[in-house]
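S.K.: Input protein-v3.cif, format and content: mmCIF, C-alpha atoms.
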data_upload
#
loop_
_atom_site.group_PDB
_atom_site.id
_atom_site.type_symbol
_atom_site.label_atom_id
_atom_site.label_comp_id
_atom_site.auth_asym_id
_atom_site.auth_seq_id
_atom_site.Cartn_x
_atom_site.Cartn_y
_atom_site.Cartn_z
ATOM 1 C CA MET A 17 59.473 -61.918 207.767
ATOM 2 C CA ASN A 18 61.401 -64.845 206.412
ATOM 3 C CA VAL A 19 64.801 -63.169 206.238
ATOM 4 C CA PRO A 20 67.600 -63.708 208.745
ATOM 5 C CA LYS A 21 68.491 -61.266 211.463
ATOM 6 C CA LEU A 22 72.212 -61.244 212.037
ATOM 7 C CA ASN A 23 74.599 -59.211 214.165
ATOM 8 C CA GLU A 24 78.344 -58.956 214.695
ATOM 9 C CA GLN A 25 78.191 -60.700 218.074
ATOM 10 C CA GLN A 26 76.833 -63.857 216.429
ATOM 11 C CA LEU A 27 79.740 -63.801 213.974
ATOM 12 C CA LYS A 28 82.276 -63.292 216.776
ATOM 13 C CA THR A 29 80.813 -66.311 218.560
ATOM 14 C CA LEU A 30 81.023 -68.491 215.470
ATOM 15 C CA PHE A 31 84.404 -67.356 214.112
ATOM 16 C CA SER A 32 87.641 -66.201 215.705
ATOM 17 C CA ILE A 33 88.086 -62.520 216.452
ATOM 18 C CA ASP A 34 90.956 -62.478 213.925
ATOM 19 C CA ASP A 35 88.661 -63.846 211.201
ATOM 20 C CA VAL A 36 86.047 -61.188 211.911
ATOM 21 C CA LEU A 37 88.646 -58.398 211.966
ATOM 22 C CA ARG A 38 90.164 -59.558 208.649
ATOM 23 C CA ALA A 39 86.666 -59.866 207.185
ATOM 24 C CA GLU A 40 85.930 -56.180 207.855
ATOM 25 C CA SER A 41 88.198 -55.196 204.956
ATOM 26 C CA MET A 42 86.290 -57.599 202.666
ATOM 27 C CA VAL A 43 82.793 -56.168 203.269
ATOM 28 C CA GLY A 44 81.126 -55.685 199.920
ATOM 29 C CA GLN A 45 83.433 -58.036 198.003
ATOM 30 C CA CYS A 46 80.806 -60.776 197.939
ATOM 31 C CA TYR A 47 78.806 -61.076 194.726
ATOM 32 C CA ASP A 48 75.851 -63.136 193.473
ATOM 33 C CA CYS A 49 74.451 -62.644 196.994
ATOM 34 C CA THR A 50 71.125 -64.317 197.800
ATOM 35 C CA VAL A 51 68.889 -64.931 200.787
ATOM 36 C CA SER A 52 66.817 -68.100 200.678
ATOM 37 C CA GLY A 53 64.947 -69.045 203.824
ATOM 38 C CA GLY A 54 67.522 -68.543 206.536
ATOM 39 C CA ASP A 55 70.517 -69.137 204.272
ATOM 40 C CA LEU A 56 72.856 -66.419 203.044
ATOM 41 C CA SER A 57 74.781 -67.461 199.927
ATOM 42 C CA ALA A 58 77.396 -65.706 197.841
ATOM 43 C CA LYS A 59 80.624 -66.021 195.945
ATOM 44 C CA ILE A 60 83.823 -64.266 196.947
ATOM 45 C CA ARG A 61 87.245 -64.124 195.362
ATOM 46 C CA GLY A 62 89.820 -65.537 197.722
ATOM 47 C CA ASN A 63 93.516 -66.349 197.775
ATOM 48 C CA HIS A 64 93.075 -69.459 195.614
ATOM 49 C CA GLY A 65 90.200 -68.538 193.314
ATOM 50 C CA VAL A 66 86.480 -68.068 193.791
ATOM 51 C CA TYR A 67 84.744 -69.573 196.814
ATOM 52 C CA SER A 68 81.047 -70.439 197.005
ATOM 53 C CA ILE A 69 79.986 -69.830 200.588
ATOM 54 C CA LYS A 70 76.813 -70.167 202.642
ATOM 55 C CA LEU A 71 75.779 -69.164 206.176
ATOM 56 C CA LYS A 72 72.825 -71.085 207.618
ATOM 57 C CA THR A 73 71.503 -68.520 210.067
ATOM 58 C CA LEU A 74 68.386 -70.331 211.278
ATOM 59 C CA GLN A 75 70.267 -73.350 212.604
ATOM 60 C CA GLU A 76 71.221 -73.392 216.257
ATOM 61 C CA PRO A 77 74.182 -73.043 216.435
ATOM 62 C CA MET A 78 74.570 -71.206 213.149
ATOM 63 C CA ALA A 79 76.293 -73.353 210.515
ATOM 64 C CA TYR A 80 78.364 -72.558 207.446
ATOM 65 C CA GLU A 81 79.638 -74.383 204.412
ATOM 66 C CA GLY A 82 81.770 -73.500 201.444
ATOM 67 C CA ILE A 83 84.041 -74.863 198.809
ATOM 68 C CA GLY A 84 86.689 -73.425 196.540
ATOM 69 C CA GLU A 85 87.050 -73.931 192.810
ATOM 70 C CA ASP A 86 89.436 -76.831 193.325
ATOM 71 C CA GLY A 87 87.556 -78.325 196.284
ATOM 72 C CA GLU A 88 89.790 -76.731 198.934
ATOM 73 C CA ALA A 89 88.496 -75.677 202.336
ATOM 74 C CA VAL A 90 87.383 -72.089 202.910
ATOM 75 C CA SER A 91 88.776 -69.916 205.705
ATOM 76 C CA GLY A 92 86.423 -68.508 208.342
ATOM 77 C CA LYS A 93 87.246 -64.939 207.292
ATOM 78 C CA TYR A 94 85.251 -65.425 204.069
ATOM 79 C CA PHE A 95 82.160 -66.594 205.943
ATOM 80 C CA ALA A 96 82.534 -63.668 208.332
ATOM 81 C CA ALA A 97 82.842 -61.354 205.299
ATOM 82 C CA LEU A 98 79.539 -62.755 203.992
ATOM 83 C CA GLY A 99 77.868 -62.093 207.347
ATOM 84 C CA LEU A 100 79.288 -58.574 207.630
ATOM 85 C CA THR A 101 78.287 -57.801 204.037
ATOM 86 C CA TYR A 102 74.722 -58.809 204.916
ATOM 87 C CA ILE A 103 74.760 -56.693 208.096
ATOM 88 C CA TYR A 104 76.197 -53.550 206.472
ATOM 89 C CA THR A 105 74.890 -53.782 202.881
ATOM 90 C CA PRO A 106 71.729 -55.914 202.889
ATOM 91 C CA TRP A 107 70.518 -54.339 199.634
ATOM 92 C CA LYS A 108 73.176 -56.384 197.767
ATOM 93 C CA PHE A 109 71.189 -59.555 198.533
ATOM 94 C CA LYS A 110 68.428 -60.808 196.268
ATOM 95 C CA VAL A 111 65.658 -62.469 198.249
ATOM 96 C CA GLU A 112 64.472 -65.787 196.832
ATOM 97 C CA GLY A 113 61.027 -67.097 197.633
ATOM 98 C CA ALA A 114 58.458 -65.237 199.724
ATOM 99 C CA GLY A 115 60.893 -63.650 202.136
ATOM 100 C CA LEU A 116 59.643 -60.091 201.782
ATOM 101 C CA ASP A 117 55.902 -60.140 202.294
ATOM 102 C CA ARG A 118 54.709 -56.768 203.598
ATOM 103 C CA SER A 119 51.804 -58.399 205.408
ATOM 104 C CA THR A 120 54.250 -60.147 207.769
ATOM 105 C CA ILE A 121 55.944 -56.939 208.961
ATOM 106 C CA SER A 122 55.446 -56.754 212.704
ATOM 107 C CA SER A 123 58.276 -54.631 214.110
ATOM 108 C CA ALA A 124 60.498 -51.654 213.401
ATOM 109 C CA ASP A 125 63.349 -54.070 212.617
ATOM 110 C CA ASP A 126 61.170 -55.737 209.972
ATOM 111 C CA ILE A 127 60.407 -52.349 208.395
ATOM 112 C CA GLN A 128 64.092 -51.449 208.359
ATOM 113 C CA LEU A 129 64.988 -54.774 206.737
ATOM 114 C CA TYR A 130 62.158 -54.506 204.207
ATOM 115 C CA ILE A 131 63.280 -51.027 203.187
ATOM 116 C CA ALA A 132 66.904 -52.156 202.916
ATOM 117 C CA LEU A 133 66.118 -55.213 200.771
ATOM 118 C CA THR A 134 63.366 -53.849 198.510
ATOM 119 C CA PRO A 135 64.428 -51.817 195.453
ATOM 120 C CA LEU A 136 62.936 -48.325 195.122
ATOM 121 C CA ARG A 137 62.004 -49.093 191.524
ATOM 122 C CA GLN A 138 59.840 -52.011 192.693
ATOM 123 C CA LEU A 139 57.998 -49.836 195.216
ATOM 124 C CA LEU A 140 57.423 -47.073 192.661
ATOM 125 C CA ASP A 141 56.104 -49.629 190.144
ATOM 126 C CA GLU A 142 53.649 -50.834 192.798
ATOM 127 C CA LEU A 143 52.513 -47.248 193.347
ATOM 128 C CA LYS A 144 51.857 -46.930 189.602
ATOM 129 C CA THR A 145 49.489 -49.908 189.821
ATOM 130 C CA LYS A 146 47.597 -47.962 192.519
ATOM 131 C CA ASN A 147 47.199 -45.039 190.093
ATOM 132 C CA VAL A 148 49.934 -42.901 191.656
ATOM 133 C CA PRO A 149 52.273 -41.853 188.832
ATOM 134 C CA LEU A 150 55.848 -40.909 189.553
ATOM 135 C CA ALA A 151 55.189 -37.191 188.974
ATOM 136 C CA ALA A 152 52.347 -37.216 191.522
ATOM 137 C CA PHE A 153 54.539 -39.062 194.029
ATOM 138 C CA ALA A 154 57.302 -36.467 193.515
ATOM 139 C CA ASP A 155 54.837 -33.671 194.203
ATOM 140 C CA MET A 156 53.549 -35.347 197.369
ATOM 141 C CA VAL A 157 57.000 -35.883 198.886
ATOM 142 C CA HIS A 158 58.371 -32.502 197.658
ATOM 143 C CA VAL A 159 61.343 -34.082 195.911
ATOM 144 C CA PRO A 160 62.197 -33.161 192.309
ATOM 145 C CA LEU A 161 61.705 -35.916 189.731
ATOM 146 C CA GLN A 162 65.374 -35.701 188.755
ATOM 147 C CA GLN A 163 66.456 -36.565 192.308
ATOM 148 C CA ILE A 164 64.006 -39.470 192.478
ATOM 149 C CA HIS A 165 65.396 -40.817 189.188
ATOM 150 C CA GLN A 166 68.943 -40.405 190.509
ATOM 151 C CA ALA A 167 68.060 -42.241 193.745
ATOM 152 C CA MET A 168 66.382 -45.006 191.735
ATOM 153 C CA ASN A 169 69.431 -45.419 189.466
ATOM 154 C CA ASP A 170 71.819 -45.371 192.427
ATOM 155 C CA GLY A 171 69.701 -48.013 194.163
ATOM 156 C CA ASP A 172 69.754 -50.189 191.035
ATOM 157 C CA HIS A 173 73.564 -50.067 191.058
ATOM 158 C CA ASP A 174 74.045 -50.561 194.821
ATOM 159 C CA VAL A 175 75.278 -46.982 195.247
ATOM 160 C CA PRO A 176 74.205 -45.331 198.510
ATOM 161 C CA HIS A 177 71.976 -42.286 198.080
ATOM 162 C CA THR A 178 70.794 -39.958 200.840
ATOM 163 C CA LEU A 179 67.159 -40.012 199.704
ATOM 164 C CA LEU A 180 66.890 -43.750 199.034
ATOM 165 C CA GLY A 181 65.667 -44.755 202.501
ATOM 166 C CA PRO A 182 63.224 -41.854 202.985
ATOM 167 C CA LEU A 183 61.740 -42.371 199.501
ATOM 168 C CA LYS A 184 61.285 -46.086 200.127
ATOM 169 C CA PHE A 185 59.649 -45.323 203.461
ATOM 170 C CA ALA A 186 57.282 -42.824 201.806
ATOM 171 C CA CYS A 187 56.390 -45.424 199.154
ATOM 172 C CA LEU A 188 55.770 -48.050 201.819
ATOM 173 C CA TYR A 189 53.533 -45.675 203.763
ATOM 174 C CA MET A 190 51.526 -44.776 200.685
ATOM 175 C CA LEU A 191 51.144 -48.420 199.635
ATOM 176 C CA GLU A 192 49.829 -49.323 203.065
ATOM 177 C CA LYS A 193 47.348 -46.431 203.020
ATOM 178 C CA LEU A 194 46.132 -47.245 199.490
ATOM 179 C CA LYS A 195 45.197 -50.874 200.204
#
Here is a file; write its structure as structure tokens.
M.R.:
Amino acid sequence: MNVPKLNEQQLKTLFSIDDVLRAESMVGQCYDCTVSGGDLSAKIRGNHGVYSIKLKTLQEPMAYEGIGEDGEAVSGKYFAALGLTYIYTPWKFKVEGAGLDRSTISSADDIQLYIALTPLRQLLDELKTKNVPLAAFADMVHVPLQQIHQAMNDGDHDVPHTLLGPLKFACLYMLEKLK
């Protein structure tokens, strides 16, 4: 899959421990988050306005760049916050390009990332094209329609829901079986 794999150790290598520790309180404050190739991009409100930041995860060593509204330099804590936001809340990131192609899934990590980054609504719409309506899906997974709708709405608004992951996994399984 063409989406970056990132962990806290990589961030601690790239930024100071203090930057990573301060960034922990800023997880989730990034907005307009995108993944394009191996680049993570977002905006984050900082001490002197809004910063546009980018982590280039496929470069060795990993690189970063950012600029503030007035052209000022960006502190490492904001880049670390972007990385931690991606690690802990990957569903906030919109994938640009062909980053999420199911045919390229080759490991459990890829499945986990695919489920985290793909909206439930998208998977359910794909099931509809395979002649599996939402009511039939609800019957198969023994989950009331109301709960599926609630999980779908929560997923659309980046709100965690207990059934979101299992429902996405069930959709993915059914889509693979209905090829």
S.K.: Just the residues within 12 Å of Val66 (chain A), please, counting only C-alpha atoms, with nothing from its chain fewer than 4 positions along; format it as a list in words.
M.R.: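 Near neighbours after the sequence-gap exclusion: Gln45, Cys46, Tyr47, Asp48, Ala58, Lys59, Ile60, Arg61, Gly62, Gly82, Ile83, Gly84, Glu85, Asp86, Gly87, Glu88, Ala89, Val90 and Tyr94 of chain A.
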S.K.: Write out as a list of chain:residue names which residues come within 7 Å of Lys72 (chain A) when counting only C-alpha atoms, dropping same-chain ones fewer than 6 positions away.
M.R.: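 The residues satisfying every condition are A:Gly54, A:Asp55, A:Leu56, A:Met78, A:Ala79, A:Tyr80.
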S.K.: Counting only C-alpha atoms, which residue out of A:Asn63, A:Gln163, A:Asn169, A:Ser52 sits closest to Val111 (chain A)?
M.R.: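 Among A:Asn63, A:Gln163, A:Asn169, A:Ser52, it is A:Ser52 that comes nearest to Val111 (chain A).
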S.K.: Check what the PyMOL selection byres ((chain A and resi 183-195) around 8) selects in the file above and give those residues as a list in words.
M.R.: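 Given this file, the PyMOL selection byres ((chain A and resi 183-195) around 8) evaluates to Ile131, Leu136, Leu139, Leu140, Glu142, Leu143, Lys146, Val157, Ile164, Leu179, Leu180, Gly181 and Pro182 of chain A.
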S.K.: Work out how far apart CA of Ile121 (chain A) and CA of Met156 (chain A) are and give it in Å to one decimal.
M.R.: 24.6 Å
S.K.: Against region 30-42 of chain A, which residues of region 95-185 of chain A fall within 8 Å? For each one I want the closest pair of atoms and the distance in Å (one decimal), counting all atoms listed in the file, rows by chain and increasing residue number, as JSON lines.
M.R.:
{"residue": "A:Ala96", "atom": "CA", "partner": "A:Val36", "partner_atom": "CA", "distance": 5.6}
{"residue": "A:Ala97", "atom": "CA", "partner": "A:Ala39", "partner_atom": "CA", "distance": 4.5}
{"residue": "A:Leu100", "atom": "CA", "partner": "A:Glu40", "partner_atom": "CA", "distance": 7.1}
S.K.: Record the distance separating CA of Glu81 (chain A) and CA of Phe95 (chain A), expressed in Å with one decimal.
M.R.: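 Going from CA of Glu81 (chain A) over to CA of Phe95 (chain A) covers 8.3 Å.
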S.K.: Could you give me region 136-170 of chain A completed to N, CA and C atoms, formatted as a short mmCIF file (atom, residue, chain, number, x, y, z; two decimals), in the coordinates of the input?
M.R.:
data_model
loop_
_atom_site.label_atom_id
_atom_site.label_comp_id
_atom_site.auth_asym_id
_atom_site.auth_seq_id
_atom_site.Cartn_x
_atom_site.Cartn_y
_atom_site.Cartn_z
N LEU A 136 63.83 -49.47 195.28
CA LEU A 136 62.94 -48.32 195.12
C LEU A 136 62.10 -48.46 193.85
N ARG A 137 62.71 -48.94 192.79
CA ARG A 137 62.00 -49.09 191.52
C ARG A 137 60.79 -50.01 191.69
N GLN A 138 60.95 -51.08 192.46
CA GLN A 138 59.84 -52.01 192.69
C GLN A 138 58.70 -51.32 193.44
N LEU A 139 59.03 -50.54 194.46
CA LEU A 139 58.00 -49.84 195.22
C LEU A 139 57.28 -48.79 194.36
N LEU A 140 58.04 -48.08 193.53
CA LEU A 140 57.42 -47.07 192.66
C LEU A 140 56.53 -47.73 191.60
N ASP A 141 56.94 -48.90 191.10
CA ASP A 141 56.10 -49.63 190.14
C ASP A 141 54.79 -50.07 190.79
N GLU A 142 54.87 -50.47 192.07
CA GLU A 142 53.65 -50.83 192.80
C GLU A 142 52.73 -49.63 192.97
N LEU A 143 53.32 -48.47 193.23
CA LEU A 143 52.51 -47.25 193.35
C LEU A 143 51.81 -46.93 192.03
N LYS A 144 52.48 -47.17 190.91
CA LYS A 144 51.86 -46.93 189.60
C LYS A 144 50.61 -47.80 189.44
N THR A 145 50.66 -49.03 189.94
CA THR A 145 49.49 -49.91 189.82
C THR A 145 48.33 -49.41 190.68
N LYS A 146 48.64 -48.55 191.66
CA LYS A 146 47.60 -47.96 192.52
C LYS A 146 47.19 -46.58 192.00
N ASN A 147 47.53 -46.30 190.75
CA ASN A 147 47.20 -45.04 190.09
C ASN A 147 47.88 -43.83 190.72
N VAL A 148 49.13 -44.02 191.16
CA VAL A 148 49.93 -42.90 191.66
C VAL A 148 51.17 -42.82 190.75
N PRO A 149 51.11 -41.96 189.73
CA PRO A 149 52.27 -41.85 188.83
C PRO A 149 53.46 -41.22 189.55
N LEU A 150 54.62 -41.41 188.95
CA LEU A 150 55.85 -40.91 189.55
C LEU A 150 55.81 -39.40 189.77
N ALA A 151 55.26 -38.66 188.83
CA ALA A 151 55.19 -37.19 188.97
C ALA A 151 54.33 -36.80 190.18
N ALA A 152 53.22 -37.51 190.38
CA ALA A 152 52.35 -37.22 191.52
C ALA A 152 53.05 -37.56 192.83
N PHE A 153 53.77 -38.67 192.84
CA PHE A 153 54.54 -39.06 194.03
C PHE A 153 55.58 -37.99 194.35
N ALA A 154 56.28 -37.50 193.32
CA ALA A 154 57.30 -36.47 193.52
C ALA A 154 56.69 -35.21 194.12
N ASP A 155 55.52 -34.84 193.64
CA ASP A 155 54.84 -33.67 194.20
C ASP A 155 54.46 -33.88 195.67
N MET A 156 53.98 -35.06 195.99
CA MET A 156 53.55 -35.35 197.37
C MET A 156 54.70 -35.32 198.37
N VAL A 157 55.87 -35.81 197.95
CA VAL A 157 57.00 -35.88 198.89
C VAL A 157 57.94 -34.68 198.76
N HIS A 158 57.58 -33.73 197.84
CA HIS A 158 58.37 -32.50 197.66
C HIS A 158 59.83 -32.79 197.31
N VAL A 159 60.01 -33.76 196.41
CA VAL A 159 61.34 -34.08 195.91
C VAL A 159 61.29 -33.99 194.38
N PRO A 160 62.21 -33.27 193.76
CA PRO A 160 62.20 -33.16 192.31
C PRO A 160 62.33 -34.53 191.63
N LEU A 161 61.66 -34.67 190.49
CA LEU A 161 61.70 -35.92 189.73
C LEU A 161 63.13 -36.35 189.42
N GLN A 162 63.99 -35.39 189.09
CA GLN A 162 65.37 -35.70 188.76
C GLN A 162 66.08 -36.40 189.93
N GLN A 163 65.83 -35.94 191.14
CA GLN A 163 66.46 -36.56 192.31
C GLN A 163 65.89 -37.96 192.56
N ILE A 164 64.60 -38.14 192.31
CA ILE A 164 64.01 -39.47 192.48
C ILE A 164 64.61 -40.43 191.46
N HIS A 165 64.77 -39.98 190.22
CA HIS A 165 65.40 -40.82 189.19
C HIS A 165 66.84 -41.15 189.57
N GLN A 166 67.56 -40.17 190.10
CA GLN A 166 68.94 -40.40 190.51
C GLN A 166 69.00 -41.42 191.65
N ALA A 167 68.10 -41.29 192.63
CA ALA A 167 68.06 -42.24 193.74
C ALA A 167 67.71 -43.64 193.24
N MET A 168 66.78 -43.72 192.29
CA MET A 168 66.38 -45.01 191.74
C MET A 168 67.57 -45.66 191.01
N ASN A 169 68.27 -44.89 190.19
CA ASN A 169 69.43 -45.42 189.47
C ASN A 169 70.54 -45.83 190.42
N ASP A 170 70.80 -45.01 191.44
CA ASP A 170 71.82 -45.37 192.43
C ASP A 170 71.43 -46.66 193.15
#
